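Engineer: Please find final_11.pdb (PDB, C-alpha atoms, pLDDT in the B column) on the next line:
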```
ATOM      1  CA  MET W   1      72.654  99.293  87.214  1.00 63.00           C
ATOM      2  CA  ASP W   2      72.214  95.905  85.540  1.00 81.00           C
ATOM      3  CA  ASP W   3      73.667  92.727  87.070  1.00 92.00           C
ATOM      4  CA  SER W   4      76.635  92.514  84.690  1.00 90.00           C
ATOM      5  CA  LEU W   5      77.706  96.106  85.234  1.00 92.00           C
ATOM      6  CA  CYS W   6      77.287  95.724  88.988  1.00 93.00           C
ATOM      7  CA  LEU W   7      79.410  92.571  88.900  1.00 92.00           C
ATOM      8  CA  CYS W   8      82.137  94.353  86.913  1.00 91.00           C
ATOM      9  CA  SER W   9      82.152  97.162  89.493  1.00 94.00           C
ATOM     10  CA  SER W  10      82.359  94.657  92.339  1.00 93.00           C
ATOM     11  CA  LEU W  11      85.256  92.817  90.663  1.00 92.00           C
ATOM     12  CA  LYS W  12      87.159  96.077  90.229  1.00 93.00           C
ATOM     13  CA  ALA W  13      86.539  97.091  93.848  1.00 95.00           C
ATOM     14  CA  ALA W  14      87.571  93.649  95.137  1.00 94.00           C
ATOM     15  CA  ALA W  15      90.759  93.721  93.052  1.00 92.00           C
ATOM     16  CA  ALA W  16      91.588  97.189  94.399  1.00 93.00           C
ATOM     17  CA  CYS W  17      91.088  95.972  97.988  1.00 94.00           C
ATOM     18  CA  CYS W  18      93.365  92.965  97.428  1.00 92.00           C
ATOM     19  CA  GLU W  19      95.985  95.121  95.727  1.00 91.00           C
ATOM     20  CA  ARG W  20      95.974  97.618  98.611  1.00 93.00           C
ATOM     21  CA  GLU W  21      96.291  94.897 101.256  1.00 92.00           C
ATOM     22  CA  LEU W  22      99.142  93.143  99.454  1.00 92.00           C
ATOM     23  CA  ASN W  23     100.974  96.404  98.695  1.00 91.00           C
ATOM     24  CA  ASP W  24     100.705  97.345 102.389  1.00 92.00           C
ATOM     25  CA  ALA W  25     102.312  94.022 103.323  1.00 91.00           C
ATOM     26  CA  LEU W  26     105.137  94.649 100.850  1.00 91.00           C
ATOM     27  CA  SER W  27     105.834  98.280 101.750  1.00 89.00           C
ATOM     28  CA  GLU W  28     108.811  97.451 103.995  1.00 87.00           C
ATOM     29  CA  PHE W  29     110.471  95.630 101.077  1.00 88.00           C
ATOM     30  CA  ASP W  30     110.157  98.567  98.658  1.00 89.00           C
ATOM     31  CA  ILE W  31     108.443  96.328  96.125  1.00 92.00           C
ATOM     32  CA  SER W  32     104.934  96.427  94.674  1.00 90.00           C
ATOM     33  CA  HIS W  33     102.470  93.580  94.425  1.00 89.00           C
ATOM     34  CA  CYS W  34     102.864  93.710  90.644  1.00 90.00           C
ATOM     35  CA  GLN W  35     106.645  93.328  90.985  1.00 93.00           C
ATOM     36  CA  ALA W  36     106.151  90.446  93.430  1.00 93.00           C
ATOM     37  CA  MET W  37     103.795  88.735  90.957  1.00 91.00           C
ATOM     38  CA  ILE W  38     106.418  89.024  88.237  1.00 93.00           C
ATOM     39  CA  LEU W  39     109.063  87.553  90.569  1.00 94.00           C
ATOM     40  CA  GLN W  40     106.673  84.655  91.262  1.00 93.00           C
ATOM     41  CA  LYS W  41     106.127  83.985  87.545  1.00 92.00           C
ATOM     42  CA  ILE W  42     109.882  84.078  86.882  1.00 93.00           C
ATOM     43  CA  ALA W  43     110.555  81.773  89.855  1.00 93.00           C
ATOM     44  CA  GLU W  44     108.341  79.187  88.147  1.00 92.00           C
ATOM     45  CA  GLY W  45     110.828  79.131  85.241  1.00 85.00           C
ATOM     46  CA  LYS W  46     112.284  81.268  82.459  1.00 80.00           C
ATOM     47  CA  ILE W  47     109.572  83.325  80.842  1.00 84.00           C
ATOM     48  CA  SER W  48     109.540  85.746  77.918  1.00 83.00           C
ATOM     49  CA  MET W  49     108.258  89.298  78.146  1.00 84.00           C
ATOM     50  CA  SER W  50     105.403  88.445  75.751  1.00 85.00           C
ATOM     51  CA  THR W  51     104.335  85.448  77.795  1.00 86.00           C
ATOM     52  CA  MET W  52     104.561  87.511  80.985  1.00 88.00           C
ATOM     53  CA  SER W  53     102.306  90.133  79.433  1.00 86.00           C
ATOM     54  CA  LYS W  54      99.716  87.498  78.507  1.00 85.00           C
ATOM     55  CA  GLU W  55      99.919  85.735  81.873  1.00 83.00           C
ATOM     56  CA  MET W  56      99.349  88.986  83.738  1.00 84.00           C
ATOM     57  CA  CYS W  57      96.670  90.294  81.351  1.00 80.00           C
ATOM     58  CA  CYS W  58      98.735  93.446  81.063  1.00 83.00           C
ATOM     59  CA  HIS W  59     100.027  95.532  78.152  1.00 85.00           C
ATOM     60  CA  LYS W  60     103.649  94.818  77.177  1.00 84.00           C
ATOM     61  CA  SER W  61     104.710  98.418  77.859  1.00 87.00           C
ATOM     62  CA  ASN W  62     103.496  98.141  81.466  1.00 89.00           C
ATOM     63  CA  VAL W  63     105.357  94.863  81.960  1.00 89.00           C
ATOM     64  CA  THR W  64     108.493  96.467  80.496  1.00 88.00           C
ATOM     65  CA  GLN W  65     108.317  99.282  83.074  1.00 93.00           C
ATOM     66  CA  VAL W  66     107.881  96.877  85.978  1.00 92.00           C
ATOM     67  CA  VAL W  67     110.647  94.585  84.699  1.00 91.00           C
ATOM     68  CA  SER W  68     113.006  97.561  84.336  1.00 93.00           C
ATOM     69  CA  GLY W  69     112.384  98.424  87.986  1.00 93.00           C
ATOM     70  CA  LEU W  70     113.198  94.859  89.035  1.00 95.00           C
ATOM     71  CA  GLU W  71     116.389  94.962  86.947  1.00 95.00           C
ATOM     72  CA  LYS W  72     117.473  98.205  88.649  1.00 96.00           C
ATOM     73  CA  LYS W  73     116.987  96.477  92.006  1.00 95.00           C
ATOM     74  CA  GLU W  74     119.139  93.612  90.644  1.00 96.00           C
ATOM     75  CA  LEU W  75     116.368  91.073  91.287  1.00 96.00           C
ATOM     76  CA  ILE W  76     116.126  89.830  87.690  1.00 94.00           C
ATOM     77  CA  THR W  77     118.070  89.820  84.440  1.00 92.00           C
ATOM     78  CA  ARG W  78     117.028  89.608  80.816  1.00 87.00           C
ATOM     79  CA  SER W  79     118.756  87.172  78.506  1.00 82.00           C
ATOM     80  CA  LEU W  80     118.225  86.668  74.788  1.00 75.00           C
ATOM     81  CA  GLN W  81     116.794  83.284  73.844  1.00 70.00           C
ATOM     82  CA  GLU W  82     119.226  81.133  71.899  1.00 75.00           C
ATOM     83  CA  ASN W  83     116.648  79.990  69.344  1.00 76.00           C
ATOM     84  CA  ASP W  84     115.258  83.512  68.715  1.00 72.00           C
ATOM     85  CA  ARG W  85     117.546  86.446  69.518  1.00 71.00           C
ATOM     86  CA  ARG W  86     114.591  88.859  69.246  1.00 73.00           C
ATOM     87  CA  VAL W  87     113.005  87.355  72.360  1.00 74.00           C
ATOM     88  CA  SER W  88     114.361  87.999  75.833  1.00 78.00           C
ATOM     89  CA  SER W  89     113.724  85.705  78.780  1.00 84.00           C
ATOM     90  CA  LEU W  90     113.488  86.870  82.360  1.00 90.00           C
ATOM     91  CA  VAL W  91     115.552  85.091  85.022  1.00 90.00           C
ATOM     92  CA  LEU W  92     115.847  85.616  88.784  1.00 94.00           C
ATOM     93  CA  THR W  93     119.216  86.686  90.118  1.00 95.00           C
ATOM     94  CA  ARG W  94     120.481  85.171  93.371  1.00 96.00           C
ATOM     95  CA  LYS W  95     119.250  88.316  95.141  1.00 96.00           C
ATOM     96  CA  GLY W  96     115.887  87.917  93.372  1.00 95.00           C
ATOM     97  CA  ALA W  97     115.564  84.291  94.481  1.00 95.00           C
ATOM     98  CA  VAL W  98     116.166  85.302  98.104  1.00 94.00           C
ATOM     99  CA  ALA W  99     113.646  88.149  97.829  1.00 94.00           C
ATOM    100  CA  HIS W 100     111.097  85.845  96.218  1.00 94.00           C
ATOM    101  CA  ALA W 101     111.433  83.294  99.027  1.00 93.00           C
ATOM    102  CA  GLU W 102     110.833  85.996 101.660  1.00 91.00           C
ATOM    103  CA  LEU W 103     107.951  87.599  99.793  1.00 92.00           C
ATOM    104  CA  LYS W 104     106.187  84.334  98.986  1.00 90.00           C
ATOM    105  CA  GLY W 105     105.598  83.527 102.650  1.00 89.00           C
ATOM    106  CA  LEU W 106     104.564  87.061 103.524  1.00 91.00           C
ATOM    107  CA  LEU W 107     102.124  87.304 100.617  1.00 90.00           C
ATOM    108  CA  GLY W 108     100.681  83.887 101.402  1.00 90.00           C
ATOM    109  CA  VAL W 109      99.844  84.961 104.942  1.00 92.00           C
ATOM    110  CA  ARG W 110      98.370  88.300 103.843  1.00 92.00           C
ATOM    111  CA  ALA W 111      96.358  86.708 101.028  1.00 92.00           C
ATOM    112  CA  LYS W 112      94.833  84.250 103.511  1.00 93.00           C
ATOM    113  CA  GLU W 113      93.910  87.167 105.756  1.00 92.00           C
ATOM    114  CA  CYS W 114      92.290  88.957 102.799  1.00 91.00           C
ATOM    115  CA  MET W 115      90.298  85.921 101.744  1.00 94.00           C
ATOM    116  CA  ASN W 116      89.228  84.699 105.186  1.00 94.00           C
ATOM    117  CA  VAL W 117      85.873  86.385 104.621  1.00 95.00           C
ATOM    118  CA  PHE W 118      85.044  83.337 102.455  1.00 97.00           C
ATOM    119  CA  THR W 119      84.681  79.707 103.474  1.00 97.00           C
ATOM    120  CA  PRO W 120      87.093  77.223 101.851  1.00 96.00           C
ATOM    121  CA  VAL W 121      84.301  76.085  99.511  1.00 98.00           C
ATOM    122  CA  GLU W 122      83.498  79.689  98.552  1.00 97.00           C
ATOM    123  CA  ARG W 123      87.196  80.387  97.874  1.00 96.00           C
ATOM    124  CA  ARG W 124      87.459  77.364  95.565  1.00 96.00           C
ATOM    125  CA  THR W 125      84.265  78.345  93.739  1.00 97.00           C
ATOM    126  CA  LEU W 126      85.380  81.956  93.372  1.00 95.00           C
ATOM    127  CA  SER W 127      88.799  80.833  92.163  1.00 95.00           C
ATOM    128  CA  GLU W 128      87.258  78.570  89.524  1.00 96.00           C
ATOM    129  CA  LEU W 129      84.894  81.300  88.316  1.00 95.00           C
ATOM    130  CA  LEU W 130      87.645  83.912  88.095  1.00 93.00           C
ATOM    131  CA  LYS W 131      89.962  81.514  86.235  1.00 92.00           C
ATOM    132  CA  LYS W 132      87.151  80.860  83.756  1.00 93.00           C
ATOM    133  CA  TYR W 133      86.664  84.599  83.267  1.00 90.00           C
ATOM    134  CA  VAL W 134      90.376  85.313  82.807  1.00 87.00           C
ATOM    135  CA  GLU W 135      90.827  82.472  80.313  1.00 87.00           C
ATOM    136  CA  LYS W 136      87.973  83.853  78.225  1.00 88.00           C
ATOM    137  CA  HIS W 137      89.141  87.479  78.341  1.00 83.00           C
ATOM    138  CA  ARG W 138      92.936  87.138  78.575  1.00 76.00           C
ATOM    139  CA  MET W 139      94.842  89.530  76.304  1.00 62.00           C
ATOM    140  CA  SER W 140      96.258  87.828  73.229  1.00 52.00           C
TER
END
```
Represent the structure contained in this file as C-alpha coordinates.
Structural biologist:
Amino acid sequence: MDDSLCLCSSLKAAAACCERELNDALSEFDISHCQAMILQKIAEGKISMSTMSKEMCCHKSNVTQVVSGLEKKELITRSLQENDRRVSSLVLTRKGAVAHAELKGLLGVRAKECMNVFTPVERRTLSELLKKYVEKHRMS
(Lines of atoms letter the chains of each structure in order from A and count residues from 1; the text may use other names and numbers.)
(Lines give C-alpha, C1' and ligand atoms only; values in the text may rest on other atoms or scores of the structure.)
Protein backbone atom coordinates (compact mmCIF):
# COMPACT_ATOMS: atom_id res chain seq x y z
CA MET A 1 0.00 0.00 0.00
CA ASP A 2 1.47 3.38 -0.94
CA ASP A 3 1.95 6.13 1.66
CA SER A 4 -1.09 8.16 0.59
CA LEU A 5 -3.46 5.21 0.68
CA CYS A 6 -2.05 4.11 4.03
CA LEU A 7 -2.54 7.63 5.39
CA CYS A 8 -6.15 7.70 4.16
CA SER A 9 -6.79 4.36 5.90
CA SER A 10 -5.21 5.64 9.11
CA LEU A 11 -7.31 8.83 9.01
CA LYS A 12 -10.49 6.79 8.58
CA ALA A 13 -9.55 4.45 11.43
CA ALA A 14 -8.64 7.37 13.72
CA ALA A 15 -11.93 9.12 12.94
CA ALA A 16 -13.85 5.92 13.70
CA CYS A 17 -12.05 5.58 17.05
CA CYS A 18 -12.84 9.18 18.00
CA GLU A 19 -16.46 8.79 16.91
CA ARG A 20 -16.86 5.62 18.99
CA GLU A 21 -15.33 7.19 22.10
CA LEU A 22 -17.46 10.33 21.85
CA ASN A 23 -20.66 8.38 21.10
CA ASP A 24 -19.97 6.19 24.16
CA ALA A 25 -19.70 9.33 26.30
CA LEU A 26 -23.00 10.61 24.92
CA SER A 27 -24.99 7.37 25.19
CA GLU A 28 -26.68 8.35 28.47
CA PHE A 29 -28.01 11.52 26.80
CA ASP A 30 -29.59 9.68 23.85
CA ILE A 31 -27.71 11.91 21.43
CA SER A 32 -25.05 11.11 18.84
CA HIS A 33 -21.72 12.83 18.36
CA CYS A 34 -23.00 14.15 15.04
CA GLN A 35 -26.04 15.68 16.77
CA ALA A 36 -23.78 17.18 19.44
CA MET A 37 -21.57 18.71 16.73
CA ILE A 38 -24.61 20.30 15.13
CA LEU A 39 -25.72 21.70 18.50
CA GLN A 40 -22.22 23.16 18.92
CA LYS A 41 -22.32 24.84 15.49
CA ILE A 42 -25.78 26.28 16.20
CA ALA A 43 -24.66 27.51 19.64
CA GLU A 44 -22.00 29.58 17.87
CA GLY A 45 -24.82 31.49 16.12
CA LYS A 46 -27.67 31.09 13.64
CA ILE A 47 -26.59 28.91 10.76
CA SER A 48 -28.30 27.79 7.56
CA MET A 49 -28.68 24.17 6.54
CA SER A 50 -26.39 24.75 3.54
CA THR A 51 -23.68 26.29 5.67
CA MET A 52 -24.03 23.47 8.20
CA SER A 53 -23.58 20.94 5.42
CA LYS A 54 -20.39 22.66 4.24
CA GLU A 55 -19.01 23.11 7.75
CA MET A 56 -19.50 19.44 8.54
CA CYS A 57 -18.30 18.19 5.13
CA CYS A 58 -21.54 16.25 4.92
CA HIS A 59 -24.26 15.88 2.27
CA LYS A 60 -27.32 18.09 2.82
CA SER A 61 -29.65 15.08 3.04
CA ASN A 62 -27.63 13.66 5.95
CA VAL A 63 -27.70 17.00 7.77
CA THR A 64 -31.47 17.19 7.20
CA GLN A 65 -31.94 13.78 8.87
CA VAL A 66 -29.84 14.73 11.88
CA VAL A 67 -31.54 18.13 12.19
CA SER A 68 -34.97 16.47 12.05
CA GLY A 69 -33.96 14.25 14.96
CA LEU A 70 -32.86 17.28 16.98
CA GLU A 71 -36.16 19.01 16.19
CA LYS A 72 -38.13 15.97 17.42
CA LYS A 73 -36.16 16.16 20.67
CA GLU A 74 -37.10 19.87 20.82
CA LEU A 75 -33.43 20.91 20.98
CA ILE A 76 -33.52 23.15 17.89
CA THR A 77 -35.97 24.95 15.63
CA ARG A 78 -35.81 26.02 12.01
CA SER A 79 -36.79 29.54 11.05
CA LEU A 80 -36.98 31.07 7.59
CA GLN A 81 -34.48 33.85 6.96
CA GLU A 82 -36.11 37.24 6.52
CA ASN A 83 -33.97 38.23 3.54
CA ASP A 84 -34.44 34.89 1.70
CA ARG A 85 -37.52 32.84 2.61
CA ARG A 86 -36.07 29.81 0.79
CA VAL A 87 -33.31 29.50 3.38
CA SER A 88 -33.96 28.21 6.88
CA SER A 89 -31.72 28.98 9.84
CA LEU A 90 -31.18 26.65 12.75
CA VAL A 91 -31.58 28.00 16.29
CA LEU A 92 -31.18 26.35 19.71
CA THR A 93 -34.27 26.13 21.88
CA ARG A 94 -33.94 26.77 25.62
CA LYS A 95 -33.83 22.99 26.10
CA GLY A 96 -31.15 22.78 23.39
CA ALA A 97 -29.03 25.45 25.08
CA VAL A 98 -29.15 23.53 28.36
CA ALA A 99 -28.26 20.27 26.60
CA HIS A 100 -25.42 21.95 24.73
CA ALA A 101 -23.94 23.33 27.96
CA GLU A 102 -23.98 19.86 29.56
CA LEU A 103 -22.62 18.10 26.49
CA LYS A 104 -19.85 20.62 25.84
CA GLY A 105 -18.13 19.86 29.14
CA LEU A 106 -18.57 16.12 28.80
CA LEU A 107 -17.23 16.06 25.24
CA GLY A 108 -14.31 18.27 26.19
CA VAL A 109 -13.22 15.83 28.88
CA ARG A 110 -13.65 12.78 26.63
CA ALA A 111 -11.87 14.44 23.70
CA LYS A 112 -8.89 15.20 25.95
CA GLU A 113 -8.84 11.57 27.03
CA CYS A 114 -8.90 10.46 23.38
CA MET A 115 -6.09 12.78 22.38
CA ASN A 116 -3.83 12.29 25.39
CA VAL A 117 -1.78 9.86 23.33
CA PHE A 118 -0.23 12.97 21.73
CA THR A 119 1.90 15.67 23.31
CA PRO A 120 0.52 19.23 23.23
CA VAL A 121 2.89 20.06 20.37
CA GLU A 122 1.79 16.97 18.42
CA ARG A 123 -1.89 17.87 18.96
CA ARG A 124 -1.33 21.39 17.62
CA THR A 125 0.59 20.06 14.61
CA LEU A 126 -2.05 17.42 13.89
CA SER A 127 -4.81 20.00 14.24
CA GLU A 128 -3.10 22.35 11.79
CA LEU A 129 -2.52 19.56 9.26
CA LEU A 130 -6.10 18.31 9.46
CA LYS A 131 -7.50 21.85 9.11
CA LYS A 132 -5.35 22.30 6.01
CA TYR A 133 -6.68 19.03 4.57
CA VAL A 134 -10.32 19.85 5.31
CA GLU A 135 -10.05 23.35 3.83
CA LYS A 136 -8.67 21.87 0.61
CA HIS A 137 -11.24 19.07 0.34
CA ARG A 138 -14.33 20.60 1.98
CA MET A 139 -17.56 19.96 0.06
CA SER A 140 -18.77 22.99 -1.86
Engineer: Once the PyMOL selection byres ((chain W and resi 22-33) around 8) is applied to the coordinates I shared, what remains selected? I want it as a PyMOL selection string.
Structural biologist: chain W and resi 18-21+34-37+103+106-107+110-111
Engineer: Which residue out of W:Ala99, W:Leu75, W:Leu129, W:Ile38 has the minimum interatomic distance to Cys58 of chain W when only C-alpha atoms are used?
Structural biologist: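 Ranking W:Ala99, W:Leu75, W:Leu129, W:Ile38 by distance to Cys58 of chain W, first place goes to W:Ile38.
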Engineer: Expand the PyMOL selection byres ((chain W and resi 80) around 12) into the explicit residue set it covers here, and present it as number ranges by chain.
Structural biologist: W: 46-49, 77-79, 81-91
Engineer: So, with all atoms listed in the file as the atoms that count, which of W:Ser50, W:Leu130, W:Val117, W:Arg94 lies closest to Asn62 of chain W?
Structural biologist: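 Of all the options, W:Ser50 lies closest to Asn62 of chain W.
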Engineer: Do you have the atom CA of Arg124 of chain W-atom CA of Lys112 of chain W distance handy?
Structural biologist: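 Computed distance, atom CA of Arg124 of chain W to atom CA of Lys112 of chain W, equals 12.8 Å.
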Engineer: Select, from W:Val109, W:Ser127, W:Met52, W:Lys132, the residue with the minimum atom-to-atom distance to Thr64 of chain W, counting all atoms listed in the file.
Structural biologist: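 Once distances to Thr64 of chain W are computed over all atoms listed in the file, the minimum belongs to W:Met52.
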Engineer: Rounded to one decimal place, report the atom CA of His59 of chain W-atom CA of Lys136 of chain W distance in Å.
Structural biologist: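 Pair atom CA of His59 of chain W / atom CA of Lys136 of chain W returns 16.8 Å.
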Engineer: Interatomic distance between atom CA of His100 of chain W and atom CA of Ile42 of chain W?
Structural biologist: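 Distance between the two atoms: 9.6 Å.
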Engineer: Find the residues around Arg138 of chain W up to 9 Å (only C-alpha atoms counted), leave out those fewer than 6 positions away in its own chain, and share them as a PDB file with C-alpha atoms, keeping the file's coordinate frame.
Structural biologist:
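And here's selection.pdb as it stands now:
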```pdb
ATOM      1  CA  LYS W  54      99.716  87.498  78.507  1.00 85.00           C
ATOM      2  CA  GLU W  55      99.919  85.735  81.873  1.00 83.00           C
ATOM      3  CA  MET W  56      99.349  88.986  83.738  1.00 84.00           C
ATOM      4  CA  CYS W  57      96.670  90.294  81.351  1.00 80.00           C
ATOM      5  CA  CYS W  58      98.735  93.446  81.063  1.00 83.00           C
TER       6      CYS W  58
END
```
Engineer: Which residue is closest to Thr51 of chain W? Choose from W:Ala97, W:Val63, W:Glu128, W:Lys104 and count all atoms listed in the file.
Structural biologist: W:Val63
Engineer: Is there a way to complete segment 25-50 of chain W with N, CA and C atoms and then write that out as a short mmCIF file (atom, residue, chain, number, x, y, z; two decimals), in the coordinates of the input?
Structural biologist:
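Output below, filename result-v7.cif:
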```
data_model
loop_
_atom_site.label_atom_id
_atom_site.label_comp_id
_atom_site.auth_asym_id
_atom_site.auth_seq_id
_atom_site.Cartn_x
_atom_site.Cartn_y
_atom_site.Cartn_z
N ALA W 25 101.44 95.07 102.77
CA ALA W 25 102.31 94.02 103.32
C ALA W 25 103.72 94.11 102.76
N LEU W 26 103.84 94.59 101.53
CA LEU W 26 105.14 94.65 100.85
C LEU W 26 105.88 95.97 101.05
N SER W 27 105.26 96.93 101.67
CA SER W 27 105.83 98.28 101.75
C SER W 27 107.23 98.30 102.37
N GLU W 28 107.49 97.46 103.36
CA GLU W 28 108.81 97.45 104.00
C GLU W 28 109.90 96.90 103.08
N PHE W 29 109.51 96.20 102.02
CA PHE W 29 110.47 95.63 101.08
C PHE W 29 110.72 96.52 99.87
N ASP W 30 110.02 97.65 99.80
CA ASP W 30 110.16 98.57 98.66
C ASP W 30 109.90 97.84 97.34
N ILE W 31 108.83 97.07 97.32
CA ILE W 31 108.44 96.33 96.12
C ILE W 31 106.91 96.33 96.05
N SER W 32 106.39 96.41 94.85
CA SER W 32 104.93 96.43 94.67
C SER W 32 104.40 95.01 94.49
N HIS W 33 103.11 94.88 94.65
CA HIS W 33 102.47 93.58 94.42
C HIS W 33 102.70 93.12 92.99
N CYS W 34 102.63 94.04 92.05
CA CYS W 34 102.86 93.71 90.64
C CYS W 34 104.29 93.17 90.45
N GLN W 35 105.27 93.81 91.07
CA GLN W 35 106.64 93.33 90.98
C GLN W 35 106.78 91.95 91.63
N ALA W 36 106.11 91.75 92.75
CA ALA W 36 106.15 90.45 93.43
C ALA W 36 105.51 89.36 92.56
N MET W 37 104.44 89.71 91.85
CA MET W 37 103.80 88.74 90.96
C MET W 37 104.74 88.34 89.83
N ILE W 38 105.46 89.32 89.31
CA ILE W 38 106.42 89.02 88.24
C ILE W 38 107.55 88.14 88.77
N LEU W 39 108.04 88.42 89.97
CA LEU W 39 109.06 87.55 90.57
C LEU W 39 108.54 86.12 90.70
N GLN W 40 107.27 85.98 91.11
CA GLN W 40 106.67 84.66 91.26
C GLN W 40 106.64 83.92 89.92
N LYS W 41 106.20 84.61 88.88
CA LYS W 41 106.13 83.98 87.54
C LYS W 41 107.52 83.56 87.07
N ILE W 42 108.52 84.40 87.31
CA ILE W 42 109.88 84.08 86.88
C ILE W 42 110.43 82.91 87.70
N ALA W 43 110.09 82.86 88.99
CA ALA W 43 110.56 81.77 89.86
C ALA W 43 110.03 80.42 89.37
N GLU W 44 108.91 80.43 88.68
CA GLU W 44 108.34 79.19 88.15
C GLU W 44 109.13 78.68 86.94
N GLY W 45 110.00 79.51 86.39
CA GLY W 45 110.83 79.13 85.24
C GLY W 45 111.02 80.31 84.30
N LYS W 46 112.04 80.20 83.43
CA LYS W 46 112.28 81.27 82.46
C LYS W 46 110.99 81.60 81.74
N ILE W 47 110.80 82.88 81.51
CA ILE W 47 109.57 83.32 80.84
C ILE W 47 109.91 84.53 79.97
N SER W 48 109.29 84.61 78.81
CA SER W 48 109.54 85.75 77.92
C SER W 48 108.66 86.92 78.33
N MET W 49 109.04 88.09 77.87
CA MET W 49 108.26 89.30 78.15
C MET W 49 106.84 89.15 77.58
N SER W 50 106.72 88.61 76.38
CA SER W 50 105.40 88.44 75.75
C SER W 50 104.52 87.51 76.56
#
```
